Amino acid sequence: MTHNTLGRSNTTAEPSLAVLVDSYTPRALSLARRIVGCDRVAEDVVQEAFLAYWRNPAAFDASRASFAAWFLSIVHHKAVDAVRRETALRRRTDAFADLDGQQVAPDVSEVVADRMADARTRAALAALPAVQREALVLAYWGGYTQREIAERTGAPLGTVKTRMLAGMRRLHEGLSPATSAAVLPSTRQSGLVQEAV
């Protein structure tokens, strides 16, 4: 079944939203279930995808893809976003439960190692070009998708992806053991980095 939304006049023989829901829900649910692993969340994902189409049917461009391919890509993106949300929520909930459940003082060596790793990460981030640092901070600490970062910064999506990849490579180089002496020379001299790494 092809779907044309470019001319939304009543004279065209385009299917109604109800027909689209009947036609594409089984495949969309199957895809969403494979990604999220939960029927309830998969149903929410498919509903969000249909709602996104209903709000902006002009987003579909028949010259770029078939409706099925386009719609299933929307389902895929929304399912991945749902997994990210659920993971972040679970992480926050687990962290809160851990804080509530235990009032044990942390091991001093673990605190020192964590702070050194944090300092190394901050130093490596500071060494990145501003545009790469911004993209990585928005993605990993802000929780934004690459598309949201592109919208927020006004940069093309491909540019955001390139900045993130280049930034991750530079971070990897900056955080590798061979370069840790350059990142934190004063701690290296005291011998603490050798024990933590």
# chains A, B, ... in the order shown; residues from 1 in each chain; ligands from 1
>>> residues_around(residues="Ala79 (chain A)", least_positions_apart="3", cutoff="7 Å", atoms="only C-alpha atoms", output="ChimeraX atom specification")
/A:32,35-36,45,75-76,82-83
>>> residues_around(residues="region 134-136 of chain A", least_positions_apart="5", cutoff="7 Å", atoms="only C-alpha atoms", output="mmCIF file with N, CA, C and O atoms, in the first residue's frame")
data_model
loop_
_atom_site.group_PDB
_atom_site.id
_atom_site.type_symbol
_atom_site.label_atom_id
_atom_site.label_comp_id
_atom_site.auth_asym_id
_atom_site.auth_seq_id
_atom_site.Cartn_x
_atom_site.Cartn_y
_atom_site.Cartn_z
ATOM 1 N N ILE A 149 20.226 17.591 19.311
ATOM 2 C CA ILE A 149 21.414 18.454 19.388
ATOM 3 C C ILE A 149 21.510 19.311 18.130
ATOM 4 O O ILE A 149 21.810 20.505 18.209
ATOM 5 N N VAL A 160 26.751 17.182 13.421
ATOM 6 C CA VAL A 160 26.689 16.785 14.832
ATOM 7 C C VAL A 160 27.265 15.380 15.002
ATOM 8 O O VAL A 160 28.053 15.127 15.922
ATOM 9 N N ARG A 163 31.034 15.590 14.679
ATOM 10 C CA ARG A 163 31.626 16.207 15.877
ATOM 11 C C ARG A 163 31.662 15.218 17.037
ATOM 12 O O ARG A 163 32.654 15.151 17.766
ATOM 13 N N MET A 164 30.590 14.464 17.199
ATOM 14 C CA MET A 164 30.557 13.506 18.309
ATOM 15 C C MET A 164 31.573 12.389 18.099
ATOM 16 O O MET A 164 32.263 12.004 19.046
#
>>> residues_around(residues="Gln47 (chain A)", least_positions_apart="5", cutoff="12 Å", atoms="only C-alpha atoms", output="list of chain:residue names")
A:Leu17, A:Val21, A:Tyr24, A:Thr25, A:Ala28, A:Leu29, A:Ala32, A:Arg40, A:Val41, A:Ala42, A:Ala52, A:Tyr53, A:Trp54, A:Phe71, A:Ile74, A:Val75, A:Lys78, A:Ala79
>>> residues_around(residues="Glu148 (chain A)", least_positions_apart="5", cutoff="10 Å", atoms="only C-alpha atoms", output="list in words")
Leu138, Ala139, Gly143, Thr153, Gly154, Leu157 and Val160 of chain A
>>> atom_distance(atom1="CA of Ala68 (chain A)", atom2="CA of Val80 (chain A)")
18.2 Å
>>> select_by_dssp(residues="region 3-166 of chain A", states="alpha helix (DSSP H)", output="tab-separated table (two decimals) with N, CA, C and O atoms, in the first residue's frame")
chain	number	residue	atom	x	y	z
A	17	LEU	N	-6.46	7.59	8.59
A	17	LEU	CA	-5.57	7.19	9.67
A	17	LEU	C	-5.99	5.83	10.23
A	17	LEU	O	-5.13	5.00	10.57
A	18	ALA	N	-7.28	5.57	10.29
A	18	ALA	CA	-7.76	4.28	10.79
A	18	ALA	C	-7.27	3.12	9.92
A	18	ALA	O	-6.86	2.08	10.44
A	19	VAL	N	-7.25	3.33	8.61
A	19	VAL	CA	-6.76	2.29	7.70
A	19	VAL	C	-5.27	2.09	7.90
A	19	VAL	O	-4.77	0.95	7.91
A	20	LEU	N	-4.54	3.19	8.08
A	20	LEU	CA	-3.10	3.09	8.32
A	20	LEU	C	-2.81	2.36	9.63
A	20	LEU	O	-1.90	1.53	9.70
A	21	VAL	N	-3.57	2.68	10.66
A	21	VAL	CA	-3.39	2.01	11.95
A	21	VAL	C	-3.62	0.51	11.79
A	21	VAL	O	-2.82	-0.31	12.25
A	22	ASP	N	-4.70	0.14	11.10
A	22	ASP	CA	-4.98	-1.28	10.88
A	22	ASP	C	-3.88	-1.96	10.06
A	22	ASP	O	-3.52	-3.10	10.32
A	23	SER	N	-3.35	-1.24	9.09
A	23	SER	CA	-2.36	-1.84	8.19
A	23	SER	C	-0.97	-1.97	8.80
A	23	SER	O	-0.28	-2.95	8.57
A	24	TYR	N	-0.54	-0.96	9.55
A	24	TYR	CA	0.86	-0.92	9.99
A	24	TYR	C	1.08	-1.25	11.46
A	24	TYR	O	2.22	-1.44	11.86
A	25	THR	N	0.03	-1.35	12.25
A	25	THR	CA	0.22	-1.64	13.67
A	25	THR	C	0.91	-2.97	13.93
A	25	THR	O	1.83	-3.03	14.75
A	26	PRO	N	0.53	-4.07	13.28
A	26	PRO	CA	1.21	-5.34	13.59
A	26	PRO	C	2.73	-5.29	13.36
A	26	PRO	O	3.50	-5.71	14.23
A	27	ARG	N	3.17	-4.75	12.22
A	27	ARG	CA	4.61	-4.68	11.96
A	27	ARG	C	5.28	-3.69	12.91
A	27	ARG	O	6.39	-3.96	13.39
A	28	ALA	N	4.62	-2.58	13.17
A	28	ALA	CA	5.20	-1.58	14.07
A	28	ALA	C	5.34	-2.13	15.49
A	28	ALA	O	6.36	-1.94	16.14
A	29	LEU	N	4.32	-2.84	15.96
A	29	LEU	CA	4.38	-3.45	17.30
A	29	LEU	C	5.49	-4.50	17.38
A	29	LEU	O	6.21	-4.58	18.38
A	30	SER	N	5.62	-5.28	16.33
A	30	SER	CA	6.67	-6.31	16.31
A	30	SER	C	8.05	-5.66	16.42
A	30	SER	O	8.89	-6.11	17.21
A	31	LEU	N	8.27	-4.62	15.65
A	31	LEU	CA	9.55	-3.92	15.69
A	31	LEU	C	9.79	-3.29	17.07
A	31	LEU	O	10.86	-3.45	17.66
A	32	ALA	N	8.78	-2.61	17.59
A	32	ALA	CA	8.92	-1.94	18.88
A	32	ALA	C	9.18	-2.95	20.00
A	32	ALA	O	10.01	-2.72	20.87
A	33	ARG	N	8.48	-4.10	19.97
A	33	ARG	CA	8.69	-5.13	20.99
A	33	ARG	C	10.12	-5.66	20.96
A	33	ARG	O	10.71	-5.92	22.00
A	34	ARG	N	10.66	-5.85	19.75
A	34	ARG	CA	12.04	-6.34	19.65
A	34	ARG	C	13.02	-5.36	20.26
A	34	ARG	O	14.03	-5.76	20.84
A	35	ILE	N	12.74	-4.08	20.16
A	35	ILE	CA	13.67	-3.08	20.67
A	35	ILE	C	13.49	-2.85	22.16
A	35	ILE	O	14.46	-2.84	22.92
A	36	VAL	N	12.23	-2.68	22.60
A	36	VAL	CA	12.00	-2.32	24.01
A	36	VAL	C	11.82	-3.53	24.91
A	36	VAL	O	12.05	-3.43	26.12
A	39	ASP	N	5.64	-5.27	26.12
A	39	ASP	CA	4.43	-5.01	25.34
A	39	ASP	C	3.84	-3.63	25.63
A	39	ASP	O	3.44	-2.92	24.71
A	40	ARG	N	3.78	-3.26	26.89
A	40	ARG	CA	3.17	-1.98	27.27
A	40	ARG	C	3.93	-0.81	26.66
A	40	ARG	O	3.35	0.08	26.05
A	41	VAL	N	5.25	-0.85	26.77
A	41	VAL	CA	6.07	0.23	26.23
A	41	VAL	C	6.01	0.22	24.70
A	41	VAL	O	5.95	1.27	24.06
A	42	ALA	N	5.99	-0.97	24.10
A	42	ALA	CA	5.91	-1.07	22.63
A	42	ALA	C	4.61	-0.45	22.13
A	42	ALA	O	4.60	0.26	21.11
A	43	GLU	N	3.51	-0.69	22.83
A	43	GLU	CA	2.23	-0.09	22.43
A	43	GLU	C	2.30	1.43	22.53
A	43	GLU	O	1.80	2.14	21.65
A	44	ASP	N	2.93	1.93	23.58
A	44	ASP	CA	3.09	3.39	23.73
A	44	ASP	C	3.93	3.96	22.60
A	44	ASP	O	3.63	5.03	22.07
A	45	VAL	N	4.98	3.25	22.22
A	45	VAL	CA	5.87	3.70	21.14
A	45	VAL	C	5.10	3.80	19.83
A	45	VAL	O	5.19	4.80	19.11
A	46	VAL	N	4.31	2.77	19.51
A	46	VAL	CA	3.55	2.78	18.25
A	46	VAL	C	2.52	3.90	18.28
A	46	VAL	O	2.32	4.61	17.28
A	47	GLN	N	1.88	4.08	19.42
A	47	GLN	CA	0.90	5.17	19.54
A	47	GLN	C	1.59	6.52	19.33
A	47	GLN	O	1.06	7.39	18.63
A	48	GLU	N	2.77	6.72	19.91
A	48	GLU	CA	3.50	7.96	19.72
A	48	GLU	C	3.87	8.17	18.26
A	48	GLU	O	3.83	9.30	17.76
A	49	ALA	N	4.22	7.09	17.56
A	49	ALA	CA	4.58	7.20	16.15
A	49	ALA	C	3.37	7.62	15.31
A	49	ALA	O	3.48	8.50	14.45
A	50	PHE	N	2.22	7.01	15.55
A	50	PHE	CA	1.02	7.41	14.82
A	50	PHE	C	0.62	8.85	15.16
A	50	PHE	O	0.20	9.60	14.29
A	51	LEU	N	0.79	9.20	16.42
A	51	LEU	CA	0.47	10.58	16.84
A	51	LEU	C	1.40	11.57	16.15
A	51	LEU	O	0.96	12.64	15.70
A	52	ALA	N	2.67	11.22	16.02
A	52	ALA	CA	3.62	12.10	15.33
A	52	ALA	C	3.22	12.27	13.87
A	52	ALA	O	3.28	13.38	13.33
A	53	TYR	N	2.79	11.18	13.23
A	53	TYR	CA	2.33	11.29	11.84
A	53	TYR	C	1.06	12.13	11.76
A	53	TYR	O	0.91	12.97	10.88
A	54	TRP	N	0.13	11.91	12.68
A	54	TRP	CA	-1.13	12.65	12.67
A	54	TRP	C	-0.89	14.14	12.84
A	54	TRP	O	-1.53	14.96	12.19
A	55	ARG	N	0.07	14.50	13.70
A	55	ARG	CA	0.38	15.91	13.93
A	55	ARG	C	1.06	16.56	12.74
A	55	ARG	O	0.88	17.75	12.49
A	67	PHE	N	5.97	4.66	2.49
A	67	PHE	CA	5.37	5.00	3.78
A	67	PHE	C	5.76	3.97	4.84
A	67	PHE	O	6.08	4.33	5.96
A	68	ALA	N	5.75	2.70	4.48
A	68	ALA	CA	6.09	1.64	5.44
A	68	ALA	C	7.51	1.84	5.98
A	68	ALA	O	7.73	1.79	7.20
A	69	ALA	N	8.46	2.07	5.10
A	69	ALA	CA	9.85	2.27	5.54
A	69	ALA	C	9.97	3.51	6.41
A	69	ALA	O	10.62	3.49	7.46
A	70	TRP	N	9.32	4.58	5.98
A	70	TRP	CA	9.39	5.84	6.74
A	70	TRP	C	8.75	5.66	8.12
A	70	TRP	O	9.32	6.04	9.13
A	71	PHE	N	7.55	5.06	8.14
A	71	PHE	CA	6.85	4.91	9.41
A	71	PHE	C	7.60	3.98	10.36
A	71	PHE	O	7.71	4.27	11.55
A	72	LEU	N	8.14	2.89	9.84
A	72	LEU	CA	8.89	1.97	10.71
A	72	LEU	C	10.17	2.61	11.22
A	72	LEU	O	10.62	2.29	12.33
A	73	SER	N	10.75	3.53	10.46
A	73	SER	CA	11.92	4.25	10.99
A	73	SER	C	11.51	5.17	12.13
A	73	SER	O	12.24	5.31	13.11
A	74	ILE	N	10.32	5.77	12.04
A	74	ILE	CA	9.80	6.59	13.14
A	74	ILE	C	9.60	5.72	14.38
A	74	ILE	O	9.98	6.09	15.50
A	75	VAL	N	9.01	4.54	14.18
A	75	VAL	CA	8.81	3.61	15.30
A	75	VAL	C	10.15	3.22	15.92
A	75	VAL	O	10.30	3.21	17.14
A	76	HIS	N	11.12	2.93	15.07
A	76	HIS	CA	12.45	2.55	15.56
A	76	HIS	C	13.04	3.67	16.42
A	76	HIS	O	13.53	3.43	17.53
A	77	HIS	N	13.01	4.90	15.92
A	77	HIS	CA	13.60	6.02	16.67
A	77	HIS	C	12.87	6.23	17.99
A	77	HIS	O	13.50	6.46	19.03
A	78	LYS	N	11.56	6.14	17.97
A	78	LYS	CA	10.80	6.33	19.21
A	78	LYS	C	11.05	5.19	20.19
A	78	LYS	O	11.08	5.41	21.40
A	79	ALA	N	11.25	3.98	19.69
A	79	ALA	CA	11.54	2.84	20.56
A	79	ALA	C	12.91	3.01	21.21
A	79	ALA	O	13.08	2.75	22.41
A	80	VAL	N	13.89	3.45	20.44
A	80	VAL	CA	15.22	3.69	21.00
A	80	VAL	C	15.15	4.79	22.05
A	80	VAL	O	15.75	4.67	23.14
A	81	ASP	N	14.40	5.84	21.78
A	81	ASP	CA	14.22	6.90	22.77
A	81	ASP	C	13.56	6.37	24.04
A	81	ASP	O	13.94	6.74	25.15
A	82	ALA	N	12.58	5.48	23.88
A	82	ALA	CA	11.91	4.89	25.04
A	82	ALA	C	12.87	4.05	25.86
A	82	ALA	O	12.86	4.09	27.11
A	83	VAL	N	13.74	3.29	25.21
A	83	VAL	CA	14.74	2.49	25.92
A	83	VAL	C	15.67	3.42	26.69
A	83	VAL	O	15.98	3.16	27.86
A	84	ARG	N	16.09	4.51	26.06
A	84	ARG	CA	16.96	5.47	26.75
A	84	ARG	C	16.27	6.06	27.97
A	84	ARG	O	16.87	6.20	29.03
A	85	ARG	N	15.00	6.44	27.80
A	85	ARG	CA	14.25	7.01	28.94
A	85	ARG	C	14.13	6.00	30.06
A	85	ARG	O	14.34	6.33	31.23
A	86	GLU	N	13.76	4.76	29.71
A	86	GLU	CA	13.60	3.72	30.73
A	86	GLU	C	14.92	3.43	31.44
A	86	GLU	O	14.96	3.25	32.65
A	87	THR	N	16.00	3.40	30.68
A	87	THR	CA	17.32	3.13	31.26
A	87	THR	C	17.72	4.25	32.20
A	87	THR	O	18.20	4.01	33.31
A	88	ALA	N	17.52	5.49	31.77
A	88	ALA	CA	17.86	6.63	32.62
A	88	ALA	C	17.00	6.64	33.88
A	88	ALA	O	17.51	6.89	34.99
A	89	LEU	N	15.72	6.35	33.73
A	89	LEU	CA	14.83	6.31	34.90
A	89	LEU	C	15.26	5.19	35.85
A	89	LEU	O	15.32	5.40	37.07
A	90	ARG	N	15.57	4.02	35.29
A	90	ARG	CA	16.00	2.89	36.13
A	90	ARG	C	17.31	3.23	36.85
A	90	ARG	O	17.47	2.92	38.03
A	91	ARG	N	18.21	3.89	36.14
A	91	ARG	CA	19.49	4.27	36.75
A	91	ARG	C	19.27	5.24	37.91
A	91	ARG	O	19.85	5.08	38.98
A	92	ARG	N	18.41	6.23	37.67
A	92	ARG	CA	18.13	7.19	38.76
A	92	ARG	C	17.42	6.52	39.92
A	92	ARG	O	17.73	6.77	41.08
A	93	THR	N	16.47	5.64	39.61
A	93	THR	CA	15.74	4.93	40.66
A	93	THR	C	16.68	4.03	41.46
A	93	THR	O	16.62	3.99	42.69
A	94	ASP	N	17.56	3.30	40.75
A	94	ASP	CA	18.52	2.43	41.43
A	94	ASP	C	19.48	3.24	42.30
A	94	ASP	O	19.79	2.84	43.42
A	95	ALA	N	19.93	4.36	41.78
A	95	ALA	CA	20.85	5.21	42.54
A	95	ALA	C	20.16	5.73	43.79
A	95	ALA	O	20.75	5.76	44.87
A	96	PHE	N	18.90	6.14	43.65
A	96	PHE	CA	18.15	6.64	44.80
A	96	PHE	C	17.92	5.53	45.82
A	96	PHE	O	18.07	5.73	47.01
A	97	ALA	N	17.58	4.32	45.33
A	97	ALA	CA	17.37	3.18	46.23
A	97	ALA	C	18.67	2.82	46.95
A	97	ALA	O	18.66	2.50	48.13
A	98	ASP	N	19.78	2.90	46.22
A	98	ASP	CA	21.07	2.61	46.84
A	98	ASP	C	21.37	3.62	47.93
A	98	ASP	O	21.87	3.27	49.01
A	99	LEU	N	21.07	4.88	47.68
A	99	LEU	CA	21.32	5.92	48.68
A	99	LEU	C	20.42	5.73	49.89
A	99	LEU	O	20.84	5.94	51.02
A	100	ASP	N	19.16	5.36	49.66
A	100	ASP	CA	18.23	5.14	50.76
A	100	ASP	C	18.59	3.89	51.56
A	100	ASP	O	18.51	3.88	52.78
A	101	GLY	N	18.99	2.84	50.84
A	101	GLY	CA	19.22	1.56	51.49
A	101	GLY	C	20.52	1.46	52.25
A	101	GLY	O	20.67	0.64	53.14
A	108	VAL	N	37.55	5.09	50.96
A	108	VAL	CA	38.31	6.28	50.59
A	108	VAL	C	39.07	6.07	49.29
A	108	VAL	O	39.11	6.97	48.44
A	109	SER	N	39.62	4.89	49.08
A	109	SER	CA	40.37	4.65	47.85
A	109	SER	C	39.45	4.72	46.62
A	109	SER	O	39.85	5.21	45.57
A	110	GLU	N	38.20	4.25	46.76
A	110	GLU	CA	37.25	4.34	45.65
A	110	GLU	C	36.88	5.79	45.37
A	110	GLU	O	36.76	6.20	44.21
A	111	VAL	N	36.69	6.58	46.41
A	111	VAL	CA	36.36	8.00	46.24
A	111	VAL	C	37.50	8.72	45.53
A	111	VAL	O	37.28	9.49	44.59
A	112	VAL	N	38.72	8.45	45.94
A	112	VAL	CA	39.89	9.09	45.32
A	112	VAL	C	39.99	8.67	43.85
A	112	VAL	O	40.19	9.52	42.97
A	113	ALA	N	39.84	7.38	43.57
A	113	ALA	CA	39.93	6.90	42.19
A	113	ALA	C	38.83	7.52	41.33
A	113	ALA	O	39.07	7.92	40.19
A	114	ASP	N	37.58	7.59	41.88
A	114	ASP	CA	36.48	8.21	41.13
A	114	ASP	C	36.75	9.68	40.85
A	114	ASP	O	36.51	10.17	39.75
A	115	ARG	N	37.25	10.39	41.84
A	115	ARG	CA	37.53	11.83	41.65
A	115	ARG	C	38.66	12.03	40.64
A	115	ARG	O	38.63	12.97	39.86
A	116	MET	N	39.64	11.15	40.67
A	116	MET	CA	40.73	11.27	39.69
A	116	MET	C	40.21	11.00	38.29
A	116	MET	O	40.57	11.69	37.34
A	117	ALA	N	39.35	9.98	38.15
A	117	ALA	CA	38.76	9.69	36.85
A	117	ALA	C	37.91	10.86	36.38
A	117	ALA	O	37.93	11.24	35.21
A	118	ASP	N	37.13	11.44	37.31
A	118	ASP	CA	36.32	12.62	36.97
A	118	ASP	C	37.20	13.77	36.53
A	118	ASP	O	36.90	14.47	35.57
A	119	ALA	N	38.30	13.99	37.24
A	119	ALA	CA	39.20	15.08	36.89
A	119	ALA	C	39.84	14.82	35.53
A	119	ALA	O	39.98	15.75	34.72
A	120	ARG	N	40.21	13.58	35.25
A	120	ARG	CA	40.79	13.25	33.94
A	120	ARG	C	39.77	13.47	32.84
A	120	ARG	O	40.09	14.00	31.78
A	121	THR	N	38.52	13.08	33.10
A	121	THR	CA	37.47	13.27	32.10
A	121	THR	C	37.24	14.75	31.85
A	121	THR	O	37.14	15.19	30.70
A	122	ARG	N	37.16	15.53	32.92
A	122	ARG	CA	36.97	16.99	32.75
A	122	ARG	C	38.14	17.60	32.00
A	122	ARG	O	37.95	18.46	31.13
A	123	ALA	N	39.35	17.18	32.31
A	123	ALA	CA	40.53	17.73	31.63
A	123	ALA	C	40.52	17.33	30.15
A	123	ALA	O	40.83	18.15	29.28
A	124	ALA	N	40.16	16.07	29.87
A	124	ALA	CA	40.11	15.63	28.47
A	124	ALA	C	39.00	16.36	27.71
A	124	ALA	O	39.18	16.74	26.56
A	125	LEU	N	37.85	16.58	28.36
A	125	LEU	CA	36.77	17.34	27.74
A	125	LEU	C	37.20	18.78	27.48
A	125	LEU	O	36.90	19.35	26.42
A	126	ALA	N	37.89	19.38	28.43
A	126	ALA	CA	38.34	20.76	28.27
A	126	ALA	C	39.32	20.90	27.11
A	126	ALA	O	39.40	21.97	26.50
A	130	ALA	N	35.50	23.40	21.17
A	130	ALA	CA	34.23	23.77	21.80
A	130	ALA	C	33.02	23.07	21.17
A	130	ALA	O	32.12	22.61	21.88
A	131	VAL	N	33.00	22.95	19.84
A	131	VAL	CA	31.83	22.34	19.19
A	131	VAL	C	31.74	20.85	19.49
A	131	VAL	O	30.64	20.31	19.65
A	132	GLN	N	32.88	20.16	19.58
A	132	GLN	CA	32.87	18.74	19.93
A	132	GLN	C	32.46	18.56	21.39
A	132	GLN	O	31.67	17.67	21.72
A	133	ARG	N	33.01	19.40	22.25
A	133	ARG	CA	32.68	19.32	23.68
A	133	ARG	C	31.18	19.56	23.88
A	133	ARG	O	30.51	18.84	24.62
A	134	GLU	N	30.63	20.57	23.20
A	134	GLU	CA	29.21	20.89	23.34
A	134	GLU	C	28.35	19.70	22.91
A	134	GLU	O	27.40	19.33	23.62
A	135	ALA	N	28.66	19.09	21.78
A	135	ALA	CA	27.88	17.95	21.29
A	135	ALA	C	27.93	16.78	22.28
A	135	ALA	O	26.89	16.17	22.58
A	136	LEU	N	29.10	16.48	22.80
A	136	LEU	CA	29.23	15.36	23.74
A	136	LEU	C	28.53	15.64	25.06
A	136	LEU	O	27.87	14.77	25.63
A	146	GLN	N	21.04	12.92	18.87
A	146	GLN	CA	21.82	13.69	17.90
A	146	GLN	C	20.92	14.64	17.12
A	146	GLN	O	21.30	15.77	16.84
A	147	ARG	N	19.72	14.22	16.79
A	147	ARG	CA	18.78	15.07	16.08
A	147	ARG	C	18.40	16.28	16.95
A	147	ARG	O	18.33	17.41	16.46
A	148	GLU	N	18.17	16.06	18.25
A	148	GLU	CA	17.84	17.17	19.15
A	148	GLU	C	19.02	18.14	19.29
A	148	GLU	O	18.82	19.35	19.38
A	149	ILE	N	20.23	17.59	19.31
A	149	ILE	CA	21.41	18.45	19.39
A	149	ILE	C	21.51	19.31	18.13
A	149	ILE	O	21.81	20.50	18.21
A	150	ALA	N	21.24	18.71	16.98
A	150	ALA	CA	21.28	19.46	15.72
A	150	ALA	C	20.26	20.60	15.75
A	150	ALA	O	20.58	21.74	15.36
A	151	GLU	N	19.06	20.31	16.23
A	151	GLU	CA	18.03	21.36	16.31
A	151	GLU	C	18.44	22.44	17.30
A	151	GLU	O	18.27	23.63	17.05
A	152	ARG	N	18.99	22.02	18.43
A	152	ARG	CA	19.35	22.96	19.49
A	152	ARG	C	20.52	23.87	19.08
A	152	ARG	O	20.53	25.04	19.42
A	153	THR	N	21.49	23.30	18.37
A	153	THR	CA	22.68	24.07	18.01
A	153	THR	C	22.59	24.72	16.64
A	153	THR	O	23.41	25.57	16.31
A	157	LEU	N	22.56	17.65	10.99
A	157	LEU	CA	22.66	16.38	11.72
A	157	LEU	C	23.98	15.67	11.42
A	157	LEU	O	24.63	15.16	12.33
A	158	GLY	N	24.40	15.65	10.17
A	158	GLY	CA	25.66	15.00	9.81
A	158	GLY	C	26.85	15.64	10.50
A	158	GLY	O	27.80	14.96	10.92
A	159	THR	N	26.81	16.95	10.65
A	159	THR	CA	27.89	17.67	11.33
A	159	THR	C	27.93	17.29	12.80
A	159	THR	O	29.00	17.08	13.37
A	160	VAL	N	26.75	17.18	13.42
A	160	VAL	CA	26.69	16.78	14.83
A	160	VAL	C	27.26	15.38	15.00
A	160	VAL	O	28.05	15.13	15.92
A	161	LYS	N	26.92	14.47	14.11
A	161	LYS	CA	27.43	13.10	14.19
A	161	LYS	C	28.95	13.09	14.05
A	161	LYS	O	29.65	12.39	14.78
A	162	THR	N	29.47	13.88	13.11
A	162	THR	CA	30.92	13.94	12.90
A	162	THR	C	31.60	14.53	14.12
A	162	THR	O	32.65	14.03	14.56
A	163	ARG	N	31.03	15.59	14.68
A	163	ARG	CA	31.63	16.21	15.88
A	163	ARG	C	31.66	15.22	17.04
A	163	ARG	O	32.65	15.15	17.77
A	164	MET	N	30.59	14.46	17.20
A	164	MET	CA	30.56	13.51	18.31
A	164	MET	C	31.57	12.39	18.10
A	164	MET	O	32.26	12.00	19.05
A	165	LEU	N	31.67	11.88	16.88
A	165	LEU	CA	32.63	10.81	16.61
A	165	LEU	C	34.06	11.30	16.82
A	165	LEU	O	34.86	10.65	17.50
A	166	ALA	N	34.37	12.48	16.28
A	166	ALA	CA	35.72	13.03	16.46
A	166	ALA	C	36.00	13.32	17.93
A	166	ALA	O	37.10	13.05	18.43
